[in-house]
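The next block is structure-v3.pdb, given as PDB, N, CA and C atoms.
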```
ATOM      1  N   MET A   1      66.733   3.751 -51.412  1.00  0.00           N
ATOM      2  CA  MET A   1      67.208   4.894 -52.167  1.00  0.00           C
ATOM      3  C   MET A   1      68.545   4.571 -52.827  1.00  0.00           C
ATOM      4  N   SER A   2      68.688   5.002 -54.051  1.00  0.00           N
ATOM      5  CA  SER A   2      69.997   4.889 -54.694  1.00  0.00           C
ATOM      6  C   SER A   2      70.740   6.203 -54.499  1.00  0.00           C
ATOM      7  N   LYS A   3      72.046   6.122 -54.426  1.00  0.00           N
ATOM      8  CA  LYS A   3      72.890   7.288 -54.182  1.00  0.00           C
ATOM      9  C   LYS A   3      73.588   7.709 -55.463  1.00  0.00           C
ATOM     10  N   VAL A   4      73.584   9.011 -55.735  1.00  0.00           N
ATOM     11  CA  VAL A   4      74.206   9.565 -56.937  1.00  0.00           C
ATOM     12  C   VAL A   4      75.454  10.332 -56.525  1.00  0.00           C
ATOM     13  N   PHE A   5      76.572  10.026 -57.197  1.00  0.00           N
ATOM     14  CA  PHE A   5      77.829  10.724 -56.918  1.00  0.00           C
ATOM     15  C   PHE A   5      78.609  10.843 -58.214  1.00  0.00           C
ATOM     16  N   SER A   6      79.607  11.706 -58.211  1.00  0.00           N
ATOM     17  CA  SER A   6      80.435  11.921 -59.399  1.00  0.00           C
ATOM     18  C   SER A   6      81.906  11.881 -59.037  1.00  0.00           C
ATOM     19  N   ILE A   7      82.682  11.324 -59.958  1.00  0.00           N
ATOM     20  CA  ILE A   7      84.136  11.386 -59.856  1.00  0.00           C
ATOM     21  C   ILE A   7      84.567  12.557 -60.726  1.00  0.00           C
ATOM     22  N   ILE A   8      85.282  13.500 -60.134  1.00  0.00           N
ATOM     23  CA  ILE A   8      85.709  14.715 -60.812  1.00  0.00           C
ATOM     24  C   ILE A   8      87.201  14.649 -61.070  1.00  0.00           C
ATOM     25  N   GLY A   9      87.595  14.839 -62.316  1.00  0.00           N
ATOM     26  CA  GLY A   9      89.003  14.931 -62.671  1.00  0.00           C
ATOM     27  C   GLY A   9      89.299  16.336 -63.165  1.00  0.00           C
ATOM     28  N   LEU A  10      90.286  16.978 -62.596  1.00  0.00           N
ATOM     29  CA  LEU A  10      90.681  18.332 -63.003  1.00  0.00           C
ATOM     30  C   LEU A  10      92.127  18.300 -63.481  1.00  0.00           C
ATOM     31  N   GLU A  11      92.408  19.029 -64.557  1.00  0.00           N
ATOM     32  CA  GLU A  11      93.782  19.103 -65.052  1.00  0.00           C
ATOM     33  C   GLU A  11      94.030  20.489 -65.642  1.00  0.00           C
ATOM     34  N   THR A  12      95.168  21.070 -65.266  1.00  0.00           N
ATOM     35  CA  THR A  12      95.552  22.383 -65.786  1.00  0.00           C
ATOM     36  C   THR A  12      96.338  22.214 -67.076  1.00  0.00           C
ATOM     37  N   ASN A  13      96.480  23.298 -67.804  1.00  0.00           N
ATOM     38  CA  ASN A  13      97.282  23.237 -69.029  1.00  0.00           C
ATOM     39  C   ASN A  13      98.763  23.025 -68.715  1.00  0.00           C
ATOM     40  N   THR A  14      99.149  23.190 -67.452  1.00  0.00           N
ATOM     41  CA  THR A  14     100.537  22.951 -67.059  1.00  0.00           C
ATOM     42  C   THR A  14     100.762  21.514 -66.604  1.00  0.00           C
ATOM     43  N   GLY A  15      99.712  20.683 -66.638  1.00  0.00           N
ATOM     44  CA  GLY A  15      99.850  19.270 -66.314  1.00  0.00           C
ATOM     45  C   GLY A  15      99.572  18.879 -64.880  1.00  0.00           C
ATOM     46  N   ILE A  16      99.210  19.818 -64.033  1.00  0.00           N
ATOM     47  CA  ILE A  16      98.869  19.495 -62.650  1.00  0.00           C
ATOM     48  C   ILE A  16      97.435  18.969 -62.637  1.00  0.00           C
ATOM     49  N   SER A  17      97.204  17.879 -61.910  1.00  0.00           N
ATOM     50  CA  SER A  17      95.868  17.293 -61.913  1.00  0.00           C
ATOM     51  C   SER A  17      95.429  16.913 -60.505  1.00  0.00           C
ATOM     52  N   ALA A  18      94.125  16.713 -60.371  1.00  0.00           N
ATOM     53  CA  ALA A  18      93.527  16.298 -59.103  1.00  0.00           C
ATOM     54  C   ALA A  18      92.264  15.508 -59.414  1.00  0.00           C
ATOM     55  N   VAL A  19      91.938  14.559 -58.532  1.00  0.00           N
ATOM     56  CA  VAL A  19      90.739  13.744 -58.680  1.00  0.00           C
ATOM     57  C   VAL A  19      90.032  13.707 -57.341  1.00  0.00           C
ATOM     58  N   GLY A  20      88.706  13.767 -57.374  1.00  0.00           N
ATOM     59  CA  GLY A  20      87.936  13.713 -56.144  1.00  0.00           C
ATOM     60  C   GLY A  20      86.508  13.301 -56.394  1.00  0.00           C
ATOM     61  N   LEU A  21      85.751  13.149 -55.314  1.00  0.00           N
ATOM     62  CA  LEU A  21      84.350  12.776 -55.375  1.00  0.00           C
ATOM     63  C   LEU A  21      83.479  13.967 -55.010  1.00  0.00           C
ATOM     64  N   MET A  22      82.326  14.056 -55.661  1.00  0.00           N
ATOM     65  CA  MET A  22      81.329  15.061 -55.303  1.00  0.00           C
ATOM     66  C   MET A  22      79.963  14.405 -55.286  1.00  0.00           C
ATOM     67  N   SER A  23      79.079  14.946 -54.498  1.00  0.00           N
ATOM     68  CA  SER A  23      77.718  14.458 -54.395  1.00  0.00           C
ATOM     69  C   SER A  23      76.919  14.855 -55.633  1.00  0.00           C
ATOM     70  N   GLY A  24      76.038  13.972 -56.075  1.00  0.00           N
ATOM     71  CA  GLY A  24      75.143  14.288 -57.187  1.00  0.00           C
ATOM     72  C   GLY A  24      75.872  14.456 -58.503  1.00  0.00           C
ATOM     73  N   ILE A  25      75.264  15.251 -59.374  1.00  0.00           N
ATOM     74  CA  ILE A  25      75.850  15.583 -60.672  1.00  0.00           C
ATOM     75  C   ILE A  25      76.124  17.088 -60.656  1.00  0.00           C
ATOM     76  N   PRO A  26      77.355  17.472 -60.367  1.00  0.00           N
ATOM     77  CA  PRO A  26      77.656  18.892 -60.160  1.00  0.00           C
ATOM     78  C   PRO A  26      77.659  19.709 -61.456  1.00  0.00           C
ATOM     79  N   GLU A  27      77.246  20.949 -61.324  1.00  0.00           N
ATOM     80  CA  GLU A  27      77.342  21.938 -62.396  1.00  0.00           C
ATOM     81  C   GLU A  27      78.727  22.576 -62.320  1.00  0.00           C
ATOM     82  N   ALA A  28      79.094  23.336 -63.339  1.00  0.00           N
ATOM     83  CA  ALA A  28      80.403  23.995 -63.379  1.00  0.00           C
ATOM     84  C   ALA A  28      80.627  24.866 -62.141  1.00  0.00           C
ATOM     85  N   GLU A  29      79.595  25.595 -61.716  1.00  0.00           N
ATOM     86  CA  GLU A  29      79.738  26.474 -60.543  1.00  0.00           C
ATOM     87  C   GLU A  29      80.025  25.666 -59.283  1.00  0.00           C
ATOM     88  N   ASP A  30      79.386  24.488 -59.170  1.00  0.00           N
ATOM     89  CA  ASP A  30      79.610  23.632 -58.002  1.00  0.00           C
ATOM     90  C   ASP A  30      81.063  23.169 -57.948  1.00  0.00           C
ATOM     91  N   ILE A  31      81.600  22.815 -59.102  1.00  0.00           N
ATOM     92  CA  ILE A  31      82.995  22.366 -59.162  1.00  0.00           C
ATOM     93  C   ILE A  31      83.932  23.506 -58.801  1.00  0.00           C
ATOM     94  N   GLN A  32      83.660  24.698 -59.324  1.00  0.00           N
ATOM     95  CA  GLN A  32      84.516  25.851 -59.044  1.00  0.00           C
ATOM     96  C   GLN A  32      84.470  26.259 -57.575  1.00  0.00           C
ATOM     97  N   LYS A  33      83.410  25.934 -56.875  1.00  0.00           N
ATOM     98  CA  LYS A  33      83.296  26.255 -55.454  1.00  0.00           C
ATOM     99  C   LYS A  33      83.862  25.146 -54.565  1.00  0.00           C
ATOM    100  N   SER A  34      84.219  24.009 -55.160  1.00  0.00           N
ATOM    101  CA  SER A  34      84.660  22.858 -54.369  1.00  0.00           C
ATOM    102  C   SER A  34      86.071  23.062 -53.811  1.00  0.00           C
ATOM    103  N   GLN A  35      86.355  22.358 -52.734  1.00  0.00           N
ATOM    104  CA  GLN A  35      87.681  22.397 -52.118  1.00  0.00           C
ATOM    105  C   GLN A  35      88.725  21.837 -53.084  1.00  0.00           C
ATOM    106  N   LEU A  36      88.358  20.799 -53.835  1.00  0.00           N
ATOM    107  CA  LEU A  36      89.260  20.196 -54.812  1.00  0.00           C
ATOM    108  C   LEU A  36      89.738  21.230 -55.823  1.00  0.00           C
ATOM    109  N   TYR A  37      88.826  22.015 -56.343  1.00  0.00           N
ATOM    110  CA  TYR A  37      89.149  23.043 -57.336  1.00  0.00           C
ATOM    111  C   TYR A  37      90.012  24.140 -56.716  1.00  0.00           C
ATOM    112  N   LYS A  38      89.609  24.593 -55.539  1.00  0.00           N
ATOM    113  CA  LYS A  38      90.350  25.670 -54.873  1.00  0.00           C
ATOM    114  C   LYS A  38      91.789  25.260 -54.580  1.00  0.00           C
ATOM    115  N   GLU A  39      91.974  24.022 -54.127  1.00  0.00           N
ATOM    116  CA  GLU A  39      93.334  23.541 -53.842  1.00  0.00           C
ATOM    117  C   GLU A  39      94.157  23.423 -55.120  1.00  0.00           C
ATOM    118  N   LEU A  40      93.525  22.998 -56.212  1.00  0.00           N
ATOM    119  CA  LEU A  40      94.239  22.889 -57.485  1.00  0.00           C
ATOM    120  C   LEU A  40      94.688  24.265 -57.961  1.00  0.00           C
ATOM    121  N   VAL A  41      93.821  25.250 -57.848  1.00  0.00           N
ATOM    122  CA  VAL A  41      94.173  26.611 -58.253  1.00  0.00           C
ATOM    123  C   VAL A  41      95.338  27.126 -57.414  1.00  0.00           C
ATOM    124  N   GLU A  42      95.330  26.849 -56.112  1.00  0.00           N
ATOM    125  CA  GLU A  42      96.438  27.259 -55.249  1.00  0.00           C
ATOM    126  C   GLU A  42      97.743  26.591 -55.673  1.00  0.00           C
ATOM    127  N   ASP A  43      97.661  25.294 -56.008  1.00  0.00           N
ATOM    128  CA  ASP A  43      98.857  24.533 -56.371  1.00  0.00           C
ATOM    129  C   ASP A  43      99.429  24.925 -57.726  1.00  0.00           C
ATOM    130  N   CYS A  44      98.572  25.285 -58.665  1.00  0.00           N
ATOM    131  CA  CYS A  44      99.062  25.500 -60.033  1.00  0.00           C
ATOM    132  C   CYS A  44      99.497  26.929 -60.295  1.00  0.00           C
ATOM    133  N   GLY A  45      99.101  27.844 -59.438  1.00  0.00           N
ATOM    134  CA  GLY A  45      99.479  29.239 -59.665  1.00  0.00           C
ATOM    135  C   GLY A  45      98.848  29.766 -60.933  1.00  0.00           C
ATOM    136  N   GLU A  46      99.660  30.196 -61.868  1.00  0.00           N
ATOM    137  CA  GLU A  46      99.153  30.736 -63.120  1.00  0.00           C
ATOM    138  C   GLU A  46      98.874  29.599 -64.099  1.00  0.00           C
ATOM    139  N   SER A  47      97.629  29.489 -64.524  1.00  0.00           N
ATOM    140  CA  SER A  47      97.242  28.490 -65.507  1.00  0.00           C
ATOM    141  C   SER A  47      96.219  29.127 -66.430  1.00  0.00           C
ATOM    142  N   GLU A  48      96.362  28.882 -67.721  1.00  0.00           N
ATOM    143  CA  GLU A  48      95.446  29.481 -68.678  1.00  0.00           C
ATOM    144  C   GLU A  48      94.061  28.862 -68.605  1.00  0.00           C
ATOM    145  N   TYR A  49      94.006  27.570 -68.325  1.00  0.00           N
ATOM    146  CA  TYR A  49      92.707  26.908 -68.230  1.00  0.00           C
ATOM    147  C   TYR A  49      92.805  25.643 -67.390  1.00  0.00           C
ATOM    148  N   ILE A  50      91.641  25.191 -66.922  1.00  0.00           N
ATOM    149  CA  ILE A  50      91.520  23.935 -66.182  1.00  0.00           C
ATOM    150  C   ILE A  50      90.432  23.123 -66.868  1.00  0.00           C
ATOM    151  N   THR A  51      90.766  21.897 -67.234  1.00  0.00           N
ATOM    152  CA  THR A  51      89.804  20.989 -67.847  1.00  0.00           C
ATOM    153  C   THR A  51      89.180  20.130 -66.762  1.00  0.00           C
ATOM    154  N   ALA A  52      87.860  20.026 -66.798  1.00  0.00           N
ATOM    155  CA  ALA A  52      87.152  19.189 -65.826  1.00  0.00           C
ATOM    156  C   ALA A  52      86.489  18.022 -66.554  1.00  0.00           C
ATOM    157  N   THR A  53      86.658  16.838 -65.998  1.00  0.00           N
ATOM    158  CA  THR A  53      85.981  15.643 -66.497  1.00  0.00           C
ATOM    159  C   THR A  53      85.085  15.139 -65.378  1.00  0.00           C
ATOM    160  N   VAL A  54      83.814  14.941 -65.686  1.00  0.00           N
ATOM    161  CA  VAL A  54      82.844  14.502 -64.688  1.00  0.00           C
ATOM    162  C   VAL A  54      82.234  13.183 -65.149  1.00  0.00           C
ATOM    163  N   LYS A  55      82.331  12.181 -64.297  1.00  0.00           N
ATOM    164  CA  LYS A  55      81.679  10.892 -64.560  1.00  0.00           C
ATOM    165  C   LYS A  55      80.760  10.614 -63.380  1.00  0.00           C
ATOM    166  N   SER A  56      79.476  10.550 -63.666  1.00  0.00           N
ATOM    167  CA  SER A  56      78.479  10.368 -62.608  1.00  0.00           C
ATOM    168  C   SER A  56      78.004   8.928 -62.548  1.00  0.00           C
ATOM    169  N   TYR A  57      77.715   8.489 -61.326  1.00  0.00           N
ATOM    170  CA  TYR A  57      77.311   7.109 -61.073  1.00  0.00           C
ATOM    171  C   TYR A  57      76.208   7.086 -60.028  1.00  0.00           C
ATOM    172  N   TYR A  58      75.542   5.946 -59.942  1.00  0.00           N
ATOM    173  CA  TYR A  58      74.629   5.721 -58.838  1.00  0.00           C
ATOM    174  C   TYR A  58      74.804   4.287 -58.360  1.00  0.00           C
ATOM    175  N   TYR A  59      74.523   4.065 -57.101  1.00  0.00           N
ATOM    176  CA  TYR A  59      74.545   2.718 -56.561  1.00  0.00           C
ATOM    177  C   TYR A  59      73.335   2.538 -55.659  1.00  0.00           C
ATOM    178  N   GLY A  60      72.902   1.323 -55.530  1.00  0.00           N
ATOM    179  CA  GLY A  60      71.716   1.026 -54.741  1.00  0.00           C
ATOM    180  C   GLY A  60      70.489   0.959 -55.631  1.00  0.00           C
ATOM    181  N   GLU A  61      69.378   0.747 -55.006  1.00  0.00           N
ATOM    182  CA  GLU A  61      68.115   0.638 -55.724  1.00  0.00           C
ATOM    183  C   GLU A  61      67.131   1.659 -55.184  1.00  0.00           C
ATOM    184  N   GLY A  62      66.153   1.973 -55.992  1.00  0.00           N
ATOM    185  CA  GLY A  62      65.114   2.902 -55.571  1.00  0.00           C
ATOM    186  C   GLY A  62      65.322   4.288 -56.150  1.00  0.00           C
ATOM    187  N   LYS A  63      64.554   5.207 -55.623  1.00  0.00           N
ATOM    188  CA  LYS A  63      64.596   6.592 -56.082  1.00  0.00           C
ATOM    189  C   LYS A  63      65.986   7.184 -55.845  1.00  0.00           C
ATOM    190  N   PRO A  64      66.574   7.828 -56.864  1.00  0.00           N
ATOM    191  CA  PRO A  64      67.916   8.392 -56.679  1.00  0.00           C
ATOM    192  C   PRO A  64      67.910   9.658 -55.817  1.00  0.00           C
ATOM    193  N   GLU A  65      68.937   9.780 -54.996  1.00  0.00           N
ATOM    194  CA  GLU A  65      69.163  10.996 -54.222  1.00  0.00           C
ATOM    195  C   GLU A  65      70.665  11.237 -54.179  1.00  0.00           C
ATOM    196  N   ASP A  66      71.047  12.493 -54.007  1.00  0.00           N
ATOM    197  CA  ASP A  66      72.472  12.834 -53.937  1.00  0.00           C
ATOM    198  C   ASP A  66      73.116  12.144 -52.736  1.00  0.00           C
ATOM    199  N   ALA A  67      74.324  11.666 -52.948  1.00  0.00           N
ATOM    200  CA  ALA A  67      75.082  11.047 -51.868  1.00  0.00           C
ATOM    201  C   ALA A  67      75.362  12.089 -50.785  1.00  0.00           C
ATOM    202  N   THR A  68      75.331  11.662 -49.546  1.00  0.00           N
ATOM    203  CA  THR A  68      75.635  12.552 -48.428  1.00  0.00           C
ATOM    204  C   THR A  68      77.144  12.577 -48.188  1.00  0.00           C
ATOM    205  N   ALA A  69      77.584  13.459 -47.318  1.00  0.00           N
ATOM    206  CA  ALA A  69      79.007  13.502 -46.950  1.00  0.00           C
ATOM    207  C   ALA A  69      79.430  12.162 -46.361  1.00  0.00           C
ATOM    208  N   GLU A  70      78.561  11.543 -45.585  1.00  0.00           N
ATOM    209  CA  GLU A  70      78.854  10.232 -45.003  1.00  0.00           C
ATOM    210  C   GLU A  70      79.019   9.175 -46.106  1.00  0.00           C
ATOM    211  N   ASP A  71      78.154   9.221 -47.115  1.00  0.00           N
ATOM    212  CA  ASP A  71      78.269   8.290 -48.244  1.00  0.00           C
ATOM    213  C   ASP A  71      79.597   8.486 -48.973  1.00  0.00           C
ATOM    214  N   LEU A  72      79.980   9.735 -49.199  1.00  0.00           N
ATOM    215  CA  LEU A  72      81.236  10.018 -49.898  1.00  0.00           C
ATOM    216  C   LEU A  72      82.431   9.542 -49.084  1.00  0.00           C
ATOM    217  N   ASN A  73      82.374   9.717 -47.775  1.00  0.00           N
ATOM    218  CA  ASN A  73      83.454   9.225 -46.917  1.00  0.00           C
ATOM    219  C   ASN A  73      83.556   7.709 -46.991  1.00  0.00           C
ATOM    220  N   TRP A  74      82.400   7.020 -47.040  1.00  0.00           N
ATOM    221  CA  TRP A  74      82.412   5.569 -47.169  1.00  0.00           C
ATOM    222  C   TRP A  74      83.040   5.161 -48.507  1.00  0.00           C
ATOM    223  N   LEU A  75      82.681   5.854 -49.577  1.00  0.00           N
ATOM    224  CA  LEU A  75      83.254   5.553 -50.892  1.00  0.00           C
ATOM    225  C   LEU A  75      84.765   5.759 -50.900  1.00  0.00           C
ATOM    226  N   LYS A  76      85.229   6.827 -50.261  1.00  0.00           N
ATOM    227  CA  LYS A  76      86.669   7.090 -50.195  1.00  0.00           C
ATOM    228  C   LYS A  76      87.378   5.992 -49.414  1.00  0.00           C
ATOM    229  N   ALA A  77      86.762   5.532 -48.332  1.00  0.00           N
ATOM    230  CA  ALA A  77      87.365   4.506 -47.498  1.00  0.00           C
ATOM    231  C   ALA A  77      87.306   3.120 -48.165  1.00  0.00           C
ATOM    232  N   ASN A  78      86.355   2.932 -49.061  1.00  0.00           N
ATOM    233  CA  ASN A  78      86.159   1.650 -49.748  1.00  0.00           C
ATOM    234  C   ASN A  78      86.358   1.836 -51.248  1.00  0.00           C
ATOM    235  N   HIS A  79      87.477   2.437 -51.606  1.00  0.00           N
ATOM    236  CA  HIS A  79      87.711   2.805 -53.012  1.00  0.00           C
ATOM    237  C   HIS A  79      87.688   1.615 -53.960  1.00  0.00           C
ATOM    238  N   GLU A  80      87.882   0.383 -53.454  1.00  0.00           N
ATOM    239  CA  GLU A  80      87.794  -0.782 -54.335  1.00  0.00           C
ATOM    240  C   GLU A  80      86.393  -0.919 -54.913  1.00  0.00           C
ATOM    241  N   PHE A  81      85.386  -0.385 -54.198  1.00  0.00           N
ATOM    242  CA  PHE A  81      84.013  -0.372 -54.692  1.00  0.00           C
ATOM    243  C   PHE A  81      83.928   0.417 -55.992  1.00  0.00           C
ATOM    244  N   LEU A  82      84.702   1.492 -56.092  1.00  0.00           N
ATOM    245  CA  LEU A  82      84.676   2.327 -57.287  1.00  0.00           C
ATOM    246  C   LEU A  82      85.308   1.627 -58.496  1.00  0.00           C
ATOM    247  N   LEU A  83      86.166   0.660 -58.240  1.00  0.00           N
ATOM    248  CA  LEU A  83      86.846  -0.047 -59.315  1.00  0.00           C
ATOM    249  C   LEU A  83      86.009  -1.196 -59.879  1.00  0.00           C
ATOM    250  N   SER A  84      84.944  -1.554 -59.175  1.00  0.00           N
ATOM    251  CA  SER A  84      84.129  -2.686 -59.633  1.00  0.00           C
ATOM    252  C   SER A  84      83.086  -2.265 -60.650  1.00  0.00           C
TER     253      SER A  84
END
```
Would you write out, as structure tokens, the structure that this file holds?
Amino acid sequence: MSKVFSIIGLETNTGISAVGLMSGIPEAEDIQKSQLYKELVEDCGESEYITATVKSYYYGEGKPEDATAEDLNWLKANHEFLLS
């Protein structure tokens, strides 16, 4: 099985930004429900808008499936893999 994950970049109009990983290819609602988004909103206070950039990837061979929490933890721990 190949694993599908996305790197999410969020930035407010005030210049506060955050980057994180999510499983699969998230929709706007998924991003808005994420811990990354919620923490950014808490940190930025009043912001007119938040821009989201989503870059999706897969690794491995075979039928694609969304990365599990364990897969995402491995990617975070082995971030050099993301740079290759």
Checklist line | DSSP strand (DSSP E) residues within region 15-79 of chain A, as an NGL selection string | finding: :A and (17-23 or 50-59 or 64-66)
Checklist line | Selection: 6 Å around region 19-24 of chain A, all atoms listed in the file, excl. self and same-chain fewer than 6 positions, as a VMD selection string | finding: chain A and resid 4 to 10 66 to 67
Margin query: Could you tell me how far atom N of Tyr57 (chain A) sits from CA of Leu40 (chain A), in Å to one decimal place?
Written below: 22.3 Å
Checklist line | Per-residue DSSP, chain A, filtered to alpha helix (DSSP H), as a list in words | finding: Ala28, Glu29, Asp30, Ile31, Gln32, Lys33, Gln35, Leu36, Tyr37, Lys38, Glu39, Leu40, Val41, Glu42, Asp43, Cys44, Ala69, Glu70, Asp71, Leu72, Asn73, Trp74, Leu75, Lys76, Ala77, Glu80, Phe81, Leu82 and Leu83 of chain A
Export N, CA and C atoms of the chosen residues as a short mmCIF file (atom, residue, chain, number, x, y, z; two decimals), keeping the file's coordinate frame?
```cif
data_model
loop_
_atom_site.label_atom_id
_atom_site.label_comp_id
_atom_site.auth_asym_id
_atom_site.auth_seq_id
_atom_site.Cartn_x
_atom_site.Cartn_y
_atom_site.Cartn_z
N ALA A 28 79.09 23.34 -63.34
CA ALA A 28 80.40 24.00 -63.38
C ALA A 28 80.63 24.87 -62.14
N GLU A 29 79.60 25.60 -61.72
CA GLU A 29 79.74 26.47 -60.54
C GLU A 29 80.03 25.67 -59.28
N ASP A 30 79.39 24.49 -59.17
CA ASP A 30 79.61 23.63 -58.00
C ASP A 30 81.06 23.17 -57.95
N ILE A 31 81.60 22.82 -59.10
CA ILE A 31 83.00 22.37 -59.16
C ILE A 31 83.93 23.51 -58.80
N GLN A 32 83.66 24.70 -59.32
CA GLN A 32 84.52 25.85 -59.04
C GLN A 32 84.47 26.26 -57.58
N LYS A 33 83.41 25.93 -56.88
CA LYS A 33 83.30 26.26 -55.45
C LYS A 33 83.86 25.15 -54.56
N GLN A 35 86.36 22.36 -52.73
CA GLN A 35 87.68 22.40 -52.12
C GLN A 35 88.72 21.84 -53.08
N LEU A 36 88.36 20.80 -53.84
CA LEU A 36 89.26 20.20 -54.81
C LEU A 36 89.74 21.23 -55.82
N TYR A 37 88.83 22.02 -56.34
CA TYR A 37 89.15 23.04 -57.34
C TYR A 37 90.01 24.14 -56.72
N LYS A 38 89.61 24.59 -55.54
CA LYS A 38 90.35 25.67 -54.87
C LYS A 38 91.79 25.26 -54.58
N GLU A 39 91.97 24.02 -54.13
CA GLU A 39 93.33 23.54 -53.84
C GLU A 39 94.16 23.42 -55.12
N LEU A 40 93.52 23.00 -56.21
CA LEU A 40 94.24 22.89 -57.48
C LEU A 40 94.69 24.26 -57.96
N VAL A 41 93.82 25.25 -57.85
CA VAL A 41 94.17 26.61 -58.25
C VAL A 41 95.34 27.13 -57.41
N GLU A 42 95.33 26.85 -56.11
CA GLU A 42 96.44 27.26 -55.25
C GLU A 42 97.74 26.59 -55.67
N ASP A 43 97.66 25.29 -56.01
CA ASP A 43 98.86 24.53 -56.37
C ASP A 43 99.43 24.92 -57.73
N CYS A 44 98.57 25.28 -58.66
CA CYS A 44 99.06 25.50 -60.03
C CYS A 44 99.50 26.93 -60.30
N ALA A 69 77.58 13.46 -47.32
CA ALA A 69 79.01 13.50 -46.95
C ALA A 69 79.43 12.16 -46.36
N GLU A 70 78.56 11.54 -45.58
CA GLU A 70 78.85 10.23 -45.00
C GLU A 70 79.02 9.18 -46.11
N ASP A 71 78.15 9.22 -47.12
CA ASP A 71 78.27 8.29 -48.24
C ASP A 71 79.60 8.49 -48.97
N LEU A 72 79.98 9.74 -49.20
CA LEU A 72 81.24 10.02 -49.90
C LEU A 72 82.43 9.54 -49.08
N ASN A 73 82.37 9.72 -47.78
CA ASN A 73 83.45 9.22 -46.92
C ASN A 73 83.56 7.71 -46.99
N TRP A 74 82.40 7.02 -47.04
CA TRP A 74 82.41 5.57 -47.17
C TRP A 74 83.04 5.16 -48.51
N LEU A 75 82.68 5.85 -49.58
CA LEU A 75 83.25 5.55 -50.89
C LEU A 75 84.76 5.76 -50.90
N LYS A 76 85.23 6.83 -50.26
CA LYS A 76 86.67 7.09 -50.20
C LYS A 76 87.38 5.99 -49.41
N ALA A 77 86.76 5.53 -48.33
CA ALA A 77 87.36 4.51 -47.50
C ALA A 77 87.31 3.12 -48.16
N GLU A 80 87.88 0.38 -53.45
CA GLU A 80 87.79 -0.78 -54.34
C GLU A 80 86.39 -0.92 -54.91
N PHE A 81 85.39 -0.38 -54.20
CA PHE A 81 84.01 -0.37 -54.69
C PHE A 81 83.93 0.42 -55.99
N LEU A 82 84.70 1.49 -56.09
CA LEU A 82 84.68 2.33 -57.29
C LEU A 82 85.31 1.63 -58.50
N LEU A 83 86.17 0.66 -58.24
CA LEU A 83 86.85 -0.05 -59.32
C LEU A 83 86.01 -1.20 -59.88
#
```
Next item on the list: Give me the result of the PyMOL selection byres ((chain A and resi 50) around 8) on this file, residue by residue, as number ranges by chain.
Entry: A: 9-14, 47-49, 51-53
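The space between CA of Asp43 (chain A) and CA of Gly15 (chain A) spans 11.3 Å.
With only C-alpha atoms as the basis for measurement, A:Ala18 is the residue among A:Ala77, A:Ala18, A:Ala69, A:Met1 that approaches Val41 (chain A) most closely.
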Next item on the list: Could you check how far CA of Pro26 (chain A) sits from atom C of Pro64 (chain A), in Å to one decimal?
Entry: 14.1 Å
Note to self: Restricting the calculation to only C-alpha atoms: of A:Trp74, A:Ile16, A:Glu80, A:Tyr59, which residue gets closest to Lys3 (chain A)?
What the structure shows: A:Tyr59
Edge lengths and centre in Å to one decimal, as lines of an AutoDock Vina configuration file, of the axis-aligned box that encloses all listed atoms of region 34-42 of chain A with 4 Å added on every side?
```
center_x = 91.0
center_y = 23.7
center_z = -55.2
size_x = 21.5
size_y = 15.1
size_z = 14.1
```
Margin query: So, with all atoms listed in the file as the atoms that count, which of A:Lys55, A:Lys76, A:Glu42, A:Tyr37 lies closest to Ile25 (chain A)?
Written below: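 Checking each candidate against Ile25 (chain A), we get A:Lys55 as the closest.
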Margin query: Just checking: using only N, CA and C atoms, which residue out of A:Lys33, A:Asn73, A:Asn78, A:Gly62 ends up closest to Ser2 (chain A)?
Written below: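 Checking each candidate against Ser2 (chain A), we get A:Gly62 as the closest.
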